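What follows is one structure encoded as structure tokens, with my remarks underneath.
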Amino acid sequence: MSQDKSGETPEKIDLTPEKNGGVLKEILKAGDENEGSPSTGDKVFVHYVGTLLNGEKFDSSRDRGEKFEFTLGTGQVIKAWDLGVASMKKGEVSRLTCQSDYAYGDSGSPPKIPPKATLIFEVELFSWKGEDLTEKKNGGIIRSIKKQGDGFKTPKDGSTVNIHLVGKYKGRIFEERDVEFIVGEPEEQNVIEGIDIAVTKMKKGEKSVFKIAPTFAYGQVGNKDFDIPAEAHLEYEVYLSCFENAKEAYEMDPPEKLEQSEIMKAKGGNLVKAGKYLRAIKCYKKIIDYLEHETTSTLEEAEKTKRDFLMLAAHLNLALCYLKTEEFNSVCDECEKALEFDPKSTKAYFRRGQAYFSKHEYELAKANFEKVLECEPENKAAKNQIILSKQKIKQFKDKEKKTYSGMFTKFAQQDIKVG
């Protein structure tokens with residue numbers, strides 16, 4: 001009979017929803033009750049030793065000297081592990097006895113695991129961290145799912161969502177309310193950007209906790225009404241009760257697409273003025289999504305003119321946003337696409353020149369600013385940028401000349417010594 005660290009025989013806990021004995025857990029060392037347990041979507045870090053019923057070891061992370069990590073509840077591991085680790089506390093060591101239906105099934109996993117094998121795992125849970133929902137994976141919005149939602153659909157830009165939210169700062173609840181808002185327009189209902197992004201990852205009926213960095217909350221200003229200081233990290237519990245998705249591009253006819261593109265252009269402009277460039281980028285990308293496959297054959301002449309104007313504006317404004325977010329290669333790409341619609345676009349040449357200048361490619365920068373002057377000979381900004389580019393080119397050449405001069409002097413001195 002196996003015993004835990006205290007010498008007592010541990011209780012066997014049936015972890016299966018059906019209570020059919022498919023996964024039995026014995027706690028060998030209790031974990032920290034104050035830390036809670038990991039949630040679906042969390043990345044967990046464990047050590048484990050796997051054996052067959054006869055005691056033969058078939059796998060061990062401890063032997064490899066490296067903790068094993070996986071995302072909980074997403075099918076990356078056998079069912080028994082998703083059930084078992086979700087029930088554990090930080091620091092807990094448990095023995096999981098797993099019937100084949102919750103392990104490798106009728107086929108097993110040759111050559112080490114035979115068909116229909118019952119497996120035993122001793123697992124130690126060290127830590128976990130929530131799912132990072134930010135595009136750049138910078139830890140700005142971290143999710144832990146407390147209650148799984150239904151189905152596969154999630155809200156999109158333009159969707160109307162109904163949520164219940166509870167906001168906390170250092171454990172203090174500063175707001176709790178039901179709110180309906182349109183994804184992409186959270187400020188209309190005083191919802192922070194982090195929640196606007198978070199709900200697009202949620203399913204109907206899901207309840208999740210989000211840890212949100214200042215960049216996606218109240219930033220450098222804070223919120224006086226809620227007594228939230230600048231640079232505050234917040235925690236929100238959000239329940240998504242229902243949502244209604246906006247139409248997809250393929251569901252719209254050309255006039256609808258043009259109308260929605262006008263709306264996105266205006267919305268993007270307001271976001272740019274507010275300095276919310278990442279959200280503005282989404283608006284301008286939406287225009288391209290609506291219109292890029294519309295052609296002369298599907299549009300009237302007036303519609304084609306409007307389509308080309310909106311596509312040009314979308315690419316130029318994307319270039320502006322990417323300048324602000326310092327994604328200079330993307331600036332060049334968007335300017336190139338803008339020039340396909342207007343080969344004499346001074347904004348495209350100027351913004352591409354700015355991107356090249358920021359990349360220290362001064363000759364290319366100068367060439368683009370000179371293109372601006374070909375179209376607008378009195379453009380003062382372009383003239384100033386050409387002067388700056390020439391200065392940088394001269395500095396580079398002087399530095400290069402000095403480097404080579406020093407190199408040749410050194411070589412000459414070595415030749416004299418040898419002689």
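FYI, nothing fancy with the structure tokens labels: chains A, B, ... in order, residues from 1 per chain, ligands from 1 as they appear.
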
Who sits within 12 Å of segment 376-380 of chain A, only C-alpha atoms, same chain under 3 positions skipped, as a list in words: Lys344, Ser345, Thr346, Lys347, Tyr349, Phe350, Phe369, Glu370, Lys371, Val372, Leu373, Lys383, Asn384, Gln385, Ile386 and Ile387 of chain A

Compile the contact shell of Lys207 of chain A as a list of chain:residue names: residues with an atom at most 9 Å away, counting only C-alpha atoms, same-chain residues fewer than 2 positions apart removed.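 Neighbouring residues, sequence-local ones excluded: A:Ser144, A:Ile145, A:Lys146, A:Lys147, A:Gln148, A:Gly149, A:Met202, A:Lys203, A:Lys204, A:Gly205, A:Val209, A:Glu237, A:Val238, A:Tyr239, A:Leu240, A:Ser241.
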
Based on DSSP run over this structure's backbone, return all residues of segment 204-287 of chain A in helix (DSSP H, G or I), as an MDAnalysis selection string. chainID A and resid 214:216 249:251 254:273 277:287

If we count only C-alpha atoms and set the cut-off at 10 Å, which residues sit around Lys267 of chain A, ignoring sequence neighbours fewer than 5 positions away in its own chain? Please answer as a PDB file with C-alpha atoms, in the first residue's frame.
ATOM      1  CA  GLY A 184     -13.735  48.432 -31.151  1.00  0.00           C
ATOM      2  CA  GLU A 185     -15.671  51.229 -29.451  1.00  0.00           C
ATOM      3  CA  SER A 261     -15.153  51.359 -44.901  1.00  0.00           C
ATOM      4  CA  GLU A 262     -16.132  55.025 -44.516  1.00  0.00           C
ATOM      5  CA  VAL A 272      -5.004  58.174 -34.316  1.00  0.00           C
ATOM      6  CA  ARG A 279      -6.597  49.979 -32.500  1.00  0.00           C
ATOM      7  CA  ALA A 280      -6.439  52.362 -35.455  1.00  0.00           C
ATOM      8  CA  CYS A 283      -9.737  49.809 -38.438  1.00  0.00           C
ATOM      9  CA  TYR A 284      -7.584  50.443 -41.501  1.00  0.00           C
TER      10      TYR A 284
END

Test item: residues at most 6 Å from Cys98 of chain A, only C-alpha atoms, excluding those fewer than 3 positions along its chain, as a ChimeraX atom specification: /A:22-23,118-119

Please provide as a count of residues only all residues within 12 Å of Tyr218 of chain A, with the sequence filter that same-chain residues fewer than 3 positions apart are discarded (counting only C-alpha atoms). 26

Could you give me the residues within segment 105-327 of chain A that DSSP places in strand (DSSP E), as number ranges by chain? A: 119-129, 131-132, 141-147, 160-169, 172-182, 207-212, 234-244

Could you write out the selected residues, including C-alpha atoms, as a compact mmCIF listing (two decimals), in the first residue's frame?
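Saved as out29.txt:
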# COMPACT_ATOMS: atom_id res chain seq x y z
CA LEU A 119 -0.36 4.28 -16.31
CA ILE A 120 0.90 5.82 -13.09
CA PHE A 121 2.37 9.31 -13.00
CA GLU A 122 3.96 11.04 -10.03
CA VAL A 123 3.53 14.74 -10.79
CA GLU A 124 4.85 17.83 -9.00
CA LEU A 125 3.30 21.19 -9.90
CA PHE A 126 5.79 24.06 -9.62
CA SER A 127 4.04 27.04 -11.16
CA TRP A 128 1.78 28.31 -13.91
CA LYS A 129 1.08 31.47 -15.83
CA GLU A 131 -2.45 32.88 -21.45
CA ASP A 132 -0.98 36.03 -22.99
CA ILE A 141 -3.28 40.97 -20.96
CA ILE A 142 -3.07 37.64 -19.14
CA ARG A 143 -6.13 35.35 -19.02
CA SER A 144 -7.07 32.54 -16.66
CA ILE A 145 -10.34 30.79 -17.55
CA LYS A 146 -12.56 30.06 -14.56
CA LYS A 147 -15.55 28.70 -16.48
CA THR A 160 -22.20 43.83 -29.78
CA VAL A 161 -21.25 42.13 -26.50
CA ASN A 162 -22.98 41.87 -23.12
CA ILE A 163 -20.68 41.30 -20.17
CA HIS A 164 -20.62 41.47 -16.39
CA LEU A 165 -17.32 42.81 -15.14
CA VAL A 166 -15.70 43.22 -11.76
CA GLY A 167 -12.59 45.43 -11.66
CA LYS A 168 -10.04 45.20 -8.86
CA TYR A 169 -6.96 47.20 -7.94
CA ARG A 172 -10.09 46.45 -3.90
CA ILE A 173 -13.20 46.30 -6.09
CA PHE A 174 -13.47 49.66 -7.84
CA GLU A 175 -16.24 48.83 -10.32
CA GLU A 176 -18.84 46.12 -10.83
CA ARG A 177 -21.50 46.37 -13.52
CA ASP A 178 -23.29 44.88 -16.48
CA VAL A 179 -22.39 46.60 -19.71
CA GLU A 180 -23.20 46.32 -23.41
CA PHE A 181 -20.71 47.76 -25.88
CA ILE A 182 -19.50 47.41 -29.45
CA LYS A 207 -15.97 33.54 -17.16
CA SER A 208 -12.32 34.54 -17.01
CA VAL A 209 -9.93 36.60 -14.90
CA PHE A 210 -7.67 39.05 -16.74
CA LYS A 211 -4.54 40.72 -15.39
CA ILE A 212 -4.15 43.91 -17.39
CA LEU A 234 -5.56 45.91 -12.79
CA GLU A 235 -7.46 42.65 -12.47
CA TYR A 236 -10.88 42.06 -14.02
CA GLU A 237 -13.26 39.15 -13.76
CA VAL A 238 -15.43 39.10 -16.88
CA TYR A 239 -18.47 36.99 -17.72
CA LEU A 240 -19.57 37.05 -21.37
CA SER A 241 -23.31 36.38 -21.32
CA CYS A 242 -23.98 36.87 -25.04
CA PHE A 243 -22.83 38.62 -28.20
CA GLU A 244 -23.96 39.30 -31.73

Nearest to Lys282 of chain A, chosen from A:Glu92, A:Asp157, A:Asp59, A:Asp253, with only C-alpha atoms counted in the distances: A:Asp157

For segment 18-21 of chain A, list every protein, DNA or RNA residue within 12 Å, evaluated using only C-alpha atoms, and leave out those in the same chain fewer than 3 positions away; present the list as number ranges by chain. A: 12-15, 24-25, 80, 96-102, 118

One decimal, in Å: what's the spacing between atom CA of Gln354 of chain A and atom CA of His315 of chain A? 15.5 Å

Shell around Leu320 of chain A at 10 Å using only C-alpha atoms, local window under 6 positions removed, as a PyMOL selection string: chain A and resi 272+277+281+314+326+331+334-335+347-348+351-352+354-355

Please dump the current selection as a PDB file, in the first residue's frame; keep N, CA and C atoms.
ATOM      1  N   VAL A 272      -6.333  57.595 -34.077  1.00  0.00           N
ATOM      2  CA  VAL A 272      -5.004  58.174 -34.316  1.00  0.00           C
ATOM      3  C   VAL A 272      -4.845  59.463 -33.515  1.00  0.00           C
ATOM      4  N   TYR A 277      -2.818  53.830 -31.608  1.00  0.00           N
ATOM      5  CA  TYR A 277      -2.406  53.404 -32.948  1.00  0.00           C
ATOM      6  C   TYR A 277      -2.706  51.934 -33.234  1.00  0.00           C
ATOM      7  N   ILE A 281      -4.910  50.705 -36.352  1.00  0.00           N
ATOM      8  CA  ILE A 281      -4.421  49.743 -37.354  1.00  0.00           C
ATOM      9  C   ILE A 281      -5.511  48.730 -37.688  1.00  0.00           C
ATOM     10  N   ALA A 314      -6.403  53.968 -46.564  1.00  0.00           N
ATOM     11  CA  ALA A 314      -6.105  52.893 -45.604  1.00  0.00           C
ATOM     12  C   ALA A 314      -4.606  52.589 -45.573  1.00  0.00           C
ATOM     13  N   GLU A 326       6.875  52.237 -34.707  1.00  0.00           N
ATOM     14  CA  GLU A 326       8.259  51.925 -35.081  1.00  0.00           C
ATOM     15  C   GLU A 326       8.406  50.574 -35.775  1.00  0.00           C
ATOM     16  N   VAL A 331       5.956  50.069 -42.685  1.00  0.00           N
ATOM     17  CA  VAL A 331       5.728  51.391 -43.283  1.00  0.00           C
ATOM     18  C   VAL A 331       6.047  51.340 -44.773  1.00  0.00           C
ATOM     19  N   GLU A 334       3.431  49.364 -46.783  1.00  0.00           N
ATOM     20  CA  GLU A 334       2.164  50.069 -46.972  1.00  0.00           C
ATOM     21  C   GLU A 334       2.310  51.226 -47.960  1.00  0.00           C
ATOM     22  N   CYS A 335       3.446  51.906 -47.930  1.00  0.00           N
ATOM     23  CA  CYS A 335       3.677  53.002 -48.879  1.00  0.00           C
ATOM     24  C   CYS A 335       3.767  52.470 -50.312  1.00  0.00           C
ATOM     25  N   LYS A 347       2.501  61.824 -49.667  1.00  0.00           N
ATOM     26  CA  LYS A 347       2.465  61.230 -48.320  1.00  0.00           C
ATOM     27  C   LYS A 347       3.164  59.882 -48.306  1.00  0.00           C
ATOM     28  N   ALA A 348       2.966  59.083 -49.355  1.00  0.00           N
ATOM     29  CA  ALA A 348       3.612  57.765 -49.427  1.00  0.00           C
ATOM     30  C   ALA A 348       5.126  57.914 -49.496  1.00  0.00           C
ATOM     31  N   ARG A 351       6.443  59.376 -46.048  1.00  0.00           N
ATOM     32  CA  ARG A 351       6.441  58.423 -44.934  1.00  0.00           C
ATOM     33  C   ARG A 351       7.436  57.297 -45.158  1.00  0.00           C
ATOM     34  N   ARG A 352       7.603  56.896 -46.412  1.00  0.00           N
ATOM     35  CA  ARG A 352       8.621  55.881 -46.690  1.00  0.00           C
ATOM     36  C   ARG A 352      10.006  56.457 -46.444  1.00  0.00           C
ATOM     37  N   GLN A 354      10.710  58.720 -44.216  1.00  0.00           N
ATOM     38  CA  GLN A 354      10.881  58.724 -42.756  1.00  0.00           C
ATOM     39  C   GLN A 354      11.267  57.343 -42.233  1.00  0.00           C
ATOM     40  N   ALA A 355      10.648  56.314 -42.804  1.00  0.00           N
ATOM     41  CA  ALA A 355      10.965  54.942 -42.368  1.00  0.00           C
ATOM     42  C   ALA A 355      12.410  54.591 -42.698  1.00  0.00           C
TER      43      ALA A 355
END

Could you jot down the atom CA of Ala249 of chain A to atom CA of Tyr290 of chain A separation for me, Å, one decimal place?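 According to the coordinates, atom CA of Ala249 of chain A and atom CA of Tyr290 of chain A are separated by 5.4 Å.
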
Nearest to Ala103 of chain A by atom-to-atom distance, counting only C-alpha atoms, from A:Trp81, A:Tyr356, A:Phe216, A:Tyr48: A:Trp81
